[in-house]
$ cat model_31.txt   # compact mmCIF, C-alpha atoms
# COMPACT_ATOMS: atom_id res chain seq x y z
CA MET A 245 110.19 78.24 114.12
CA ALA A 246 113.81 79.47 114.32
CA ASP A 247 114.73 77.39 111.26
CA GLY A 248 111.91 78.99 109.30
CA ILE A 249 112.99 82.52 110.22
CA ALA A 250 116.63 81.74 109.41
CA THR A 251 115.62 80.24 106.06
CA ALA A 252 113.49 83.26 105.19
CA SER A 253 116.30 85.62 106.23
CA LEU A 254 118.80 83.81 104.03
CA GLN A 255 116.34 83.99 101.14
CA ALA A 256 115.98 87.73 101.70
CA LEU A 257 119.73 87.98 101.26
CA GLY A 258 119.71 86.23 97.89
CA LEU A 259 119.78 82.48 98.54
CA SER A 260 117.10 80.27 97.06
CA LEU A 261 114.86 78.19 99.31
CA TYR A 262 116.83 75.00 98.66
CA GLU A 263 120.19 76.78 99.05
CA ALA A 264 119.11 78.16 102.41
CA ARG A 265 117.87 74.76 103.58
CA ILE A 266 121.05 72.99 102.51
CA TYR A 267 123.30 75.56 104.18
CA LEU A 268 121.36 75.24 107.45
CA GLY A 269 121.33 71.45 107.09
CA LEU A 270 125.14 71.38 106.80
CA LEU A 271 125.50 73.86 109.65
CA GLN A 272 123.34 71.73 111.94
CA GLY A 273 124.45 68.25 110.81
CA GLY A 274 128.10 68.73 109.86
CA PRO A 275 129.68 67.04 106.80
CA GLN A 276 127.09 65.01 104.86
CA ASN A 277 126.65 63.38 101.51
CA GLY A 278 123.84 64.18 99.12
CA ASN A 279 121.42 61.54 100.34
CA GLU A 280 121.90 62.54 103.97
CA LEU A 281 121.37 66.19 103.09
CA SER A 282 118.20 65.44 101.17
CA LYS A 283 116.68 63.97 104.34
CA LYS A 284 118.20 66.47 106.77
CA ALA A 285 117.37 69.61 104.78
CA GLY A 286 114.09 68.54 103.25
CA VAL A 287 115.33 69.05 99.70
CA PRO A 288 114.20 66.64 96.95
CA SER A 289 117.01 64.25 95.97
CA SER A 290 116.68 65.39 92.35
CA LYS A 291 117.61 68.95 93.44
CA VAL A 292 120.31 68.29 96.01
CA TYR A 293 123.38 68.02 93.77
CA SER A 294 122.51 70.89 91.45
CA THR A 295 121.93 73.08 94.49
CA LEU A 296 125.19 71.93 96.09
CA ASN A 297 127.08 72.71 92.89
CA LYS A 298 125.63 76.24 92.84
CA LEU A 299 126.60 76.80 96.47
CA ALA A 300 130.06 75.43 95.73
CA SER A 301 130.47 77.89 92.84
CA THR A 302 129.91 80.77 95.25
CA GLY A 303 132.29 79.35 97.85
CA LEU A 304 129.65 78.75 100.50
CA VAL A 305 130.00 74.96 100.31
CA SER A 306 133.06 72.79 99.61
CA GLN A 307 133.49 69.09 98.88
CA SER A 308 135.64 66.64 100.84
CA LYS A 309 136.32 62.90 100.81
CA ARG A 310 135.79 60.41 103.61
CA ASP A 311 136.31 56.71 103.10
CA GLY A 312 136.23 57.32 99.36
CA LEU A 313 132.83 59.00 99.52
CA SER A 314 132.09 62.63 98.74
CA GLU A 315 130.83 64.83 101.55
CA TYR A 316 129.98 68.49 101.72
CA VAL A 317 130.78 71.10 104.34
CA CYS A 318 129.67 74.73 104.62
CA VAL A 319 131.59 77.87 105.54
CA SER A 320 131.19 79.13 109.10
CA PRO A 321 128.42 81.59 109.97
CA GLU A 322 131.08 84.28 110.50
CA GLU A 323 132.46 83.74 107.02
CA LEU A 324 128.97 83.75 105.52
CA MET A 325 128.19 87.09 107.21
CA ARG A 326 131.48 88.56 105.98
CA ARG A 327 130.69 87.58 102.41
CA LEU A 328 127.10 88.81 102.55
CA ARG A 329 128.17 92.14 103.99
CA ALA A 330 130.73 92.56 101.25
CA LYS A 331 128.17 91.59 98.62
CA PHE A 332 125.53 94.11 99.75
CA LEU A 333 127.33 96.91 101.59
CA GLN A 334 129.78 97.75 98.82
CA PRO A 335 127.02 98.36 96.23
CA LEU A 336 124.96 100.24 98.81
CA ASP A 337 127.89 102.50 99.70
CA TYR A 338 128.46 103.23 96.03
CA LEU A 339 124.79 103.89 95.29
CA GLU A 340 124.43 106.17 98.31
CA THR A 341 127.07 108.42 96.80
CA ALA A 342 126.28 107.97 93.11
CA LEU A 343 122.48 107.99 92.88
CA PRO A 344 121.96 111.64 93.93
CA SER A 345 124.03 112.71 90.90
CA PHE A 346 121.48 111.03 88.62
CA ALA A 347 118.50 112.80 90.14
CA VAL A 348 117.00 115.80 88.36
CA GLU A 349 116.25 118.70 90.67
CA ARG A 350 112.51 119.18 90.88
CA PRO A 351 110.96 121.85 93.10
CA ASP A 352 108.17 120.81 95.40
CA PRO A 353 104.79 121.48 93.79
CA ASP A 354 103.28 124.82 94.82
CA VAL A 355 99.91 123.25 95.45
CA VAL A 356 99.02 119.68 96.45
CA THR A 357 95.38 118.58 96.14
CA ILE A 358 93.90 116.36 98.86
CA SER A 359 90.41 114.88 98.90
CA ASN A 360 89.83 112.58 101.88
CA TRP A 361 88.54 114.38 105.00
CA ASP A 362 90.68 112.31 107.38
CA THR A 363 93.71 113.20 105.27
CA ILE A 364 92.70 116.86 105.30
CA CYS A 365 92.48 116.81 109.11
CA ASP A 366 95.81 114.96 109.38
CA ASN A 367 97.45 117.70 107.31
CA ALA A 368 95.82 120.41 109.43
CA ARG A 369 97.28 118.80 112.56
CA THR A 370 100.68 118.48 110.88
CA LEU A 371 100.71 122.20 110.05
CA ALA A 372 99.77 123.19 113.59
CA ALA A 373 102.33 120.77 115.04
CA ALA A 374 105.10 122.23 112.85
CA ALA A 375 104.31 125.89 113.62
CA SER A 376 106.87 127.76 115.68
CA GLN A 377 105.35 131.27 115.81
CA ARG A 378 101.72 131.64 114.75
CA VAL A 379 98.68 129.61 113.72
CA LEU A 380 95.63 131.20 112.12
CA LEU A 381 92.63 128.91 112.01
CA SER A 382 89.09 129.12 110.65
CA THR A 383 86.95 126.07 111.37
CA TRP A 384 83.46 124.81 112.01
CA ALA A 385 82.71 123.68 115.56
CA GLU A 386 82.39 119.99 114.72
CA ASN A 387 85.95 119.89 113.34
CA LEU A 388 87.51 121.62 116.33
CA ASP A 389 87.80 118.50 118.49
CA GLU A 390 90.09 116.94 115.91
CA LEU A 391 92.54 119.82 116.38
CA ARG A 392 92.32 120.58 120.10
CA ASP A 393 95.25 118.47 121.32
CA THR A 394 97.57 119.74 118.59
CA LEU A 395 96.58 123.36 119.25
CA ALA A 396 97.10 122.89 123.00
CA ALA A 397 100.58 121.51 122.35
CA ALA A 398 101.36 124.44 120.04
CA ASP A 399 100.18 126.89 122.69
CA ALA A 400 102.35 125.17 125.31
CA ARG A 401 105.48 125.78 123.22
CA GLY A 402 104.66 129.47 122.79
CA VAL A 403 102.87 129.52 119.43
CA GLU A 404 100.29 132.31 119.03
CA ILE A 405 96.89 130.95 118.04
CA PHE A 406 94.05 132.95 116.49
CA ALA A 407 90.85 131.06 115.67
CA MET A 408 87.52 131.87 114.09
CA ILE A 409 84.93 129.29 115.11
CA TYR A 410 81.71 128.73 113.19
CA GLY A 411 79.14 127.29 115.60
CA GLU A 412 78.70 126.73 119.32
CA ALA A 413 82.16 125.74 120.51
CA SER A 414 85.01 127.34 122.37
CA LEU A 415 88.77 126.97 122.50
CA GLU A 416 90.83 126.69 125.67
CA VAL A 417 93.95 128.30 124.19
CA GLY A 418 94.85 131.35 122.13
CA SER A 419 92.52 134.11 120.97
CA TRP A 420 89.28 133.07 119.34
CA GLN A 421 85.91 134.39 118.22
CA ARG A 422 82.61 132.85 117.19
CA HIS A 423 81.30 133.90 113.81
CA SER A 424 77.90 135.57 114.06
CA TYR A 425 76.70 134.52 110.57
CA THR A 426 77.52 130.80 110.67
CA GLU A 427 74.35 129.60 108.94
CA ILE A 428 74.49 132.34 106.30
CA VAL A 429 78.08 131.44 105.44
CA ALA A 430 77.19 127.73 105.32
CA ALA A 431 74.39 128.53 102.85
CA ARG A 432 76.64 130.79 100.80
CA ILE A 433 79.43 128.22 100.38
CA ALA A 434 77.07 125.19 100.34
CA GLY A 435 78.95 123.45 103.10
CA HIS A 436 81.73 124.06 105.58
CA MET A 437 85.38 125.11 105.27
CA LEU A 438 88.59 124.50 107.17
CA THR A 439 91.48 126.93 106.74
CA ILE A 440 94.78 126.97 108.62
CA VAL A 441 97.99 128.91 108.04
CA ALA A 442 101.18 128.08 109.94
CA ASP A 443 103.83 130.80 110.38
CA GLY A 444 102.61 132.46 107.19
CA ARG A 445 104.57 129.86 105.22
CA GLU A 446 102.22 126.92 104.68
CA ALA A 447 98.46 126.80 104.35
CA LEU A 448 95.62 124.32 104.09
CA LEU A 449 92.30 125.37 102.57
CA ALA A 450 89.53 122.78 102.46
CA HIS A 451 85.84 122.66 101.59
CA ARG A 452 83.42 120.05 102.90
CA PRO A 453 80.33 120.42 100.71
CA GLU A 454 76.78 119.50 101.67
CA ARG A 455 76.90 116.92 98.87
CA GLY A 456 79.87 115.22 97.31
CA GLU A 457 83.43 114.66 98.40
CA PRO A 458 85.52 117.14 100.39
CA THR A 459 88.46 118.75 98.62
CA GLY A 460 91.40 120.78 99.80
CA ILE A 461 94.78 122.17 98.87
CA LEU A 462 98.04 122.17 100.80
CA THR A 463 100.41 124.89 99.70
CA LYS A 464 103.63 126.77 100.45
CA ASN A 465 102.89 129.32 97.75
CA PRO A 466 103.53 132.67 99.47
CA VAL A 467 100.74 134.48 97.63
CA ILE A 468 98.10 131.90 98.56
CA CYS A 469 99.35 131.84 102.17
CA LEU A 470 99.14 135.63 102.29
CA MET A 471 95.62 135.66 100.83
CA ALA A 472 94.46 133.05 103.36
CA GLU A 473 95.95 135.04 106.25
CA GLU A 474 94.39 138.27 105.00
CA TYR A 475 90.98 136.61 104.61
CA MET A 476 91.14 135.45 108.22
CA HIS A 477 92.45 138.81 109.48
CA HIS A 478 89.49 140.54 107.85
CA ASP A 479 87.10 137.95 109.28
CA PHE A 480 88.46 138.59 112.80
CA MET A 481 88.25 142.37 112.43
CA LEU A 482 84.75 142.32 110.94
CA GLU A 483 83.50 140.11 113.75
CA ARG A 484 84.98 142.51 116.28
CA ALA A 485 83.41 145.47 114.43
CA LYS A 486 79.99 143.76 114.56
CA GLU A 487 80.30 143.38 118.32
CA ILE A 488 81.32 147.02 118.80
CA THR A 489 78.59 148.34 116.47
CA GLY A 490 75.96 145.95 117.75
CA LEU A 491 74.66 143.01 115.76
CA ASP A 492 71.17 144.51 115.30
CA THR A 493 72.60 147.72 113.83
CA TRP A 494 75.02 145.78 111.65
CA ASP A 495 72.25 143.48 110.47
CA ARG A 496 69.93 146.34 109.52
CA TRP A 497 72.74 148.02 107.60
CA TRP A 498 73.76 145.12 105.36
CA ARG A 499 70.19 144.05 104.68
CA SER A 500 69.28 147.58 103.60
CA GLU A 501 72.14 147.81 101.08
CA PRO A 502 71.40 145.62 98.00
CA SER A 503 75.02 145.30 96.90
CA VAL A 504 76.24 144.42 100.41
CA ARG A 505 73.35 141.98 100.88
CA ALA A 506 74.25 140.30 97.60
CA ALA A 507 77.91 139.98 98.65
CA ILE A 508 77.06 138.56 102.08
CA LEU A 509 74.35 136.14 100.99
CA GLY A 510 75.83 134.87 97.74
CA ARG A 511 74.05 131.61 96.91
CA ALA A 512 71.57 132.24 99.72
CA LEU A 513 70.34 135.43 98.01
CA ALA A 514 67.45 133.62 96.28
CA ALA A 515 65.96 132.82 99.67
CA ASP A 516 66.09 136.48 100.71
CA SER A 517 63.44 137.86 98.35
CA ASP A 518 61.63 139.81 101.07
CA GLY A 519 64.71 141.09 102.86
CA ASN A 520 64.90 138.11 105.17
CA GLY A 521 63.09 135.19 103.51
CA GLY A 522 64.57 131.88 104.53
CA VAL A 523 67.90 133.39 105.51
CA PRO A 524 68.82 132.42 109.08
CA THR A 525 68.94 135.15 111.70
CA PRO A 526 72.50 135.97 112.80
CA ARG A 527 73.74 134.78 116.17
CA ARG A 528 73.05 137.16 119.04
CA GLY A 529 75.39 137.47 122.00
$ encode --input "model_31.txt" --output "structure tokens"
Amino acid sequence: MADGIATASLQALGLSLYEARIYLGLLQGGPQNGNELSKKAGVPSSKVYSTLNKLASTGLVSQSKRDGLSEYVCVSPEELMRRLRAKFLQPLDYLETALPSFAVERPDPDVVTISNWDTICDNARTLAAAASQRVLLSTWAENLDELRDTLAAADARGVEIFAMIYGEASLEVGSWQRHSYTEIVAARIAGHMLTIVADGREALLAHRPERGEPTGILTKNPVICLMAEEYMHHDFMLERAKEITGLDTWDRWWRSEPSVRAAILGRALAADSDGNGGVPTPRRG
């Protein structure tokens, strides 16, 4: 087992399989001739001498005479390590300094598109975990469990959390509200959304449609971050205004105003031909 790992390690450092075997064979068996090495190292006799000559050309093996016969010896492990370090570390030291001068400065893209829902949730957690001041979140109830631990950790380090929750769920930290028109919004956008803004500097906006693949964007664009924050601020304030006014009063008002009804229902408007139609009734209480 140890021989196999040592052989593989020597190969990783540039020796061929037969070179590694011969070096280890000499290290373990001492001075040997070609025939002895072939048996000891498991190298075909037709390859032993050509491999020994290559090792000799690099100084890792030298030839000696005993009783008129040629034998081969290898350098010590310490000497081998010294040579390998010199071979690799010198180029690495140079490249570490030189390569950055070849690179062309490219700004990070303003917007990165992501499509897998697990990846979208991973990025949402990353944003919340990196926040130092404030997290604004808008999410459907079924996605909240994927964020709870990260939000709790953010709250524990003093991050302000404001959340709008669509559906029957609650949050143990921060300030949060339940949206009263969850089903209407779901019909309007034909699915669910997840939006999070961290410190006003980075945002994730994602849509999980009723059919098809989810899509999202991750961005540090200040305008998009500002728009996302403002959208959530308005959502929070409108929800609070509904509670103060009374949901029944609010509901009668928007349903009686055609332009407001059209804006609120969007794609669900076709189902509202009689003023209510198939449009779900808003949450009460």
$ residues_near_point --input "model_31.txt" --point "(133.9, 79.2, 106.3)" --cutoff "12 Å" --atoms "only C-alpha atoms" --output "MDAnalysis selection string"
chainID A and resid 267 270:271 300 302:306 317:327
$ closest_residue --input "model_31.txt" --among "A:Ala256, A:Leu313, A:Leu415, A:Val355" --to "Asp399 in chain A" --atoms "only C-alpha atoms"
A:Leu415
$ residues_around --input "model_31.txt" --residues "range 251-254 of chain A" --least-positions-apart "6" --cutoff "10 Å" --atoms "all atoms listed in the file" --output "ChimeraX atom specification"
/A:245,260-268,328
$ residues_around --input "model_31.txt" --residues "range 462-466 of chain A" --least-positions-apart "5" --cutoff "12 Å" --atoms "all atoms listed in the file" --output "PyMOL selection string"
chain A and resi 351-359+363-368+370-371+438-450+471-473
$ residues_around --input "model_31.txt" --residues "Ile405 in chain A" --least-positions-apart "4" --cutoff "9 Å" --atoms "all atoms listed in the file" --output "ChimeraX atom specification"
/A:377-381,395,398-399,417-420
$ atom_distance --input "model_31.txt" --atom1 "CA of Ala506 in chain A" --atom2 "CA of Met408 in chain A"
22.8 Å
$ residues_around --input "model_31.txt" --residues "Gly435 in chain A" --least-positions-apart "6" --cutoff "7 Å" --atoms "only C-alpha atoms" --output "list in words"
Arg452, Pro453 and Glu454 of chain A
$ residues_around --input "model_31.txt" --residues "Ile409 in chain A" --least-positions-apart "4" --cutoff "10 Å" --atoms "all atoms listed in the file" --output "PDB file with C-alpha atoms, in the frame of the given file"
ATOM      1  CA  LEU A 381      92.630 128.910 112.010  1.00  0.00           C
ATOM      2  CA  SER A 382      89.090 129.120 110.650  1.00  0.00           C
ATOM      3  CA  THR A 383      86.950 126.070 111.370  1.00  0.00           C
ATOM      4  CA  TRP A 384      83.460 124.810 112.010  1.00  0.00           C
ATOM      5  CA  ALA A 385      82.710 123.680 115.560  1.00  0.00           C
ATOM      6  CA  GLU A 386      82.390 119.990 114.720  1.00  0.00           C
ATOM      7  CA  ASN A 387      85.950 119.890 113.340  1.00  0.00           C
ATOM      8  CA  LEU A 388      87.510 121.620 116.330  1.00  0.00           C
ATOM      9  CA  ALA A 413      82.160 125.740 120.510  1.00  0.00           C
ATOM     10  CA  SER A 414      85.010 127.340 122.370  1.00  0.00           C
ATOM     11  CA  LEU A 415      88.770 126.970 122.500  1.00  0.00           C
ATOM     12  CA  TRP A 420      89.280 133.070 119.340  1.00  0.00           C
ATOM     13  CA  GLN A 421      85.910 134.390 118.220  1.00  0.00           C
ATOM     14  CA  ARG A 422      82.610 132.850 117.190  1.00  0.00           C
ATOM     15  CA  HIS A 423      81.300 133.900 113.810  1.00  0.00           C
ATOM     16  CA  SER A 424      77.900 135.570 114.060  1.00  0.00           C
ATOM     17  CA  THR A 426      77.520 130.800 110.670  1.00  0.00           C
ATOM     18  CA  LEU A 438      88.590 124.500 107.170  1.00  0.00           C
TER      19      LEU A 438
END
$ atom_distance --input "model_31.txt" --atom1 "CA of Trp498 in chain A" --atom2 "CA of Leu470 in chain A"
27.3 Å
$ closest_residue --input "model_31.txt" --among "A:His436, A:Gln307, A:Asp479, A:Leu281" --to "Gly411 in chain A" --atoms "only C-alpha atoms"
A:His436
$ axis_aligned_box --input "model_31.txt" --around "range 347-364 of chain A" --padding-each-side "3 Å" --output "AutoDock Vina command-line options"
--center_x 103.5 --center_y 118.6 --center_z 97.9 --size_x 36.0 --size_y 18.5 --size_z 25.0
$ build_atoms --input "model_31.txt" --residues "range 487-501 of chain A" --atoms "N, CA and C atoms" --output "mmCIF file, in the coordinates of the input"
data_model
loop_
_atom_site.group_PDB
_atom_site.id
_atom_site.type_symbol
_atom_site.label_atom_id
_atom_site.label_comp_id
_atom_site.auth_asym_id
_atom_site.auth_seq_id
_atom_site.Cartn_x
_atom_site.Cartn_y
_atom_site.Cartn_z
ATOM 1 N N GLU A 487 80.548 143.357 116.890
ATOM 2 C CA GLU A 487 80.300 143.380 118.320
ATOM 3 C C GLU A 487 80.306 144.810 118.851
ATOM 4 N N ILE A 488 81.241 145.636 118.346
ATOM 5 C CA ILE A 488 81.320 147.020 118.800
ATOM 6 C C ILE A 488 80.108 147.820 118.317
ATOM 7 N N THR A 489 79.723 147.616 117.053
ATOM 8 C CA THR A 489 78.590 148.340 116.470
ATOM 9 C C THR A 489 77.272 147.859 117.043
ATOM 10 N N GLY A 490 77.210 146.577 117.324
ATOM 11 C CA GLY A 490 75.960 145.950 117.750
ATOM 12 C C GLY A 490 75.398 145.143 116.595
ATOM 13 N N LEU A 491 75.088 143.903 116.841
ATOM 14 C CA LEU A 491 74.660 143.010 115.760
ATOM 15 C C LEU A 491 73.361 143.474 115.112
ATOM 16 N N ASP A 492 72.434 144.036 115.889
ATOM 17 C CA ASP A 492 71.170 144.510 115.300
ATOM 18 C C ASP A 492 71.429 145.650 114.324
ATOM 19 N N THR A 493 72.262 146.599 114.716
ATOM 20 C CA THR A 493 72.600 147.720 113.830
ATOM 21 C C THR A 493 73.300 147.234 112.584
ATOM 22 N N TRP A 494 74.272 146.346 112.781
ATOM 23 C CA TRP A 494 75.020 145.780 111.650
ATOM 24 C C TRP A 494 74.088 145.041 110.710
ATOM 25 N N ASP A 495 73.168 144.284 111.280
ATOM 26 C CA ASP A 495 72.250 143.480 110.470
ATOM 27 C C ASP A 495 71.324 144.373 109.639
ATOM 28 N N ARG A 496 70.805 145.419 110.255
ATOM 29 C CA ARG A 496 69.930 146.340 109.520
ATOM 30 C C ARG A 496 70.682 147.013 108.368
ATOM 31 N N TRP A 497 71.945 147.339 108.630
ATOM 32 C CA TRP A 497 72.740 148.020 107.600
ATOM 33 C C TRP A 497 72.946 147.147 106.365
ATOM 34 N N TRP A 498 73.439 145.916 106.541
ATOM 35 C CA TRP A 498 73.760 145.120 105.360
ATOM 36 C C TRP A 498 72.503 144.661 104.625
ATOM 37 N N ARG A 499 71.415 144.459 105.350
ATOM 38 C CA ARG A 499 70.190 144.050 104.680
ATOM 39 C C ARG A 499 69.543 145.194 103.905
ATOM 40 N N SER A 500 69.866 146.432 104.301
ATOM 41 C CA SER A 500 69.280 147.580 103.600
ATOM 42 C C SER A 500 70.080 148.010 102.378
ATOM 43 N N GLU A 501 71.282 147.464 102.208
ATOM 44 C CA GLU A 501 72.140 147.810 101.080
ATOM 45 C C GLU A 501 72.156 146.632 100.099
#
